[in-house]
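J.: I am attaching a structure below and will ask some questions about it afterwards.
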Amino acid sequence: MFYIKEIFKSIQGEGFHSGKEAVFIRFSGCNFWNGNLKDKNSAICNFCDTNFVGTDGENGGIYNTKDLVKKTLDVWEKHFSLQNKFVILTGGEPLLQVNDLLIENLKKKGFYIAIETNGSISCDFNIDWICVSPKSKKQWALKSGHELKIIFPQHKFNLNELKKLKFNYFFLQPMDGINKQLNTWNIINYCKAHKPWFPSFQLHKTLNIS
C-alpha cells in the first residue's frame, strides 16, 4: 500500500523540466524530518518548505498499485491532453515507498516518469528522469542521475567537487527565507562564472501556482 499526501496537476516549477505540465504524486513521509514543526530546527533539511505529513491533501489517501495508477491517470485526463503524459514522484522521500510494480504500471499507461529524491536511497527502478537534491553528505547513496539540484547555500557541499559527479545537468536553487533575494543573486553570479551550474527558480511560486 502507498501512503499518499496528495495527487495534483500543476507545472514543474524547478530544474530542467521547468514549465512542463505534470501530475504530481506526493508520497507521505521522509527519512530526514518527521514533518513536525517543533522538530524542524534539528532536522537535516530544516529549510524544507513542503507539507508531506499524512494523507489529507488533494486526492490523498492509502492506495494499492491499481488504484494509485488509476487516480493518476484520471487527474491527467481531467486537466491535460492525452499526449505526453508526465508524472512526477515527489515527497517527502518517494523512494521510501516506490516499487517496481508501480513504475511498471505507470509505464503501461504511457507516463514519462520523473522522481525527486534526497538521494539517501539507491534507485534501481526504470525511471525516465532522476533528480537528486541531496541534504546530507553522510547519507548520500544516489550519486548519479539526470539532474543534480542543490538548495543554496548548503556549506556542507563543495560545488567544484559535485560537478564531477555523473549527472547530465547541475542546478542551484536559492534557499527560501529572509536571505532568499541575496541567495538568488549569489546563485546568478556563481553560475555565470562556473559551468556547468545553472540557476533554478521556483516558477510555480512566482506564478502563484500550487
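We label chains A, B, ... in the order they appear in the C-alpha cells, count residues from 1 in each chain, and number ligands from 1 in the order shown.
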If you count only C-alpha atoms, which residues fall within 7 Å of segment 164-169 of chain A, apart from same-chain ones fewer than 4 positions away, as a PyMOL selection string?
T.: chain A and resi 143-148
J.: Might you pull out every residue within 9 Å of Asn34 of chain A, with only C-alpha atoms counted and same-chain residues fewer than 6 positions away left off, and present them as a PyMOL selection string?
T.: chain A and resi 40+43+52-53
J.: Go through segment 15-132 of chain A and collect every residue that DSSP, computed from the backbone, puts in strand (DSSP E); the answer should be as a count of residues only.
T.: 25
J.: What lies within 9 Å of Asn105 of chain A using only C-alpha atoms, ignoring chain neighbours under 3 positions off, as a list in words?
T.: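 Residues meeting the cut-off are Thr65, Lys66, Val69, Asp100, Leu101, Leu102, Lys108, Lys109 and Gly110 of chain A.
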J.: Figure out the distance between atom CA of Phe201 of chain A and atom CA of Gly13 of chain A, please, to one decimal in Å.
T.: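 Rounded to one decimal, the two atoms are 7.3 Å apart.
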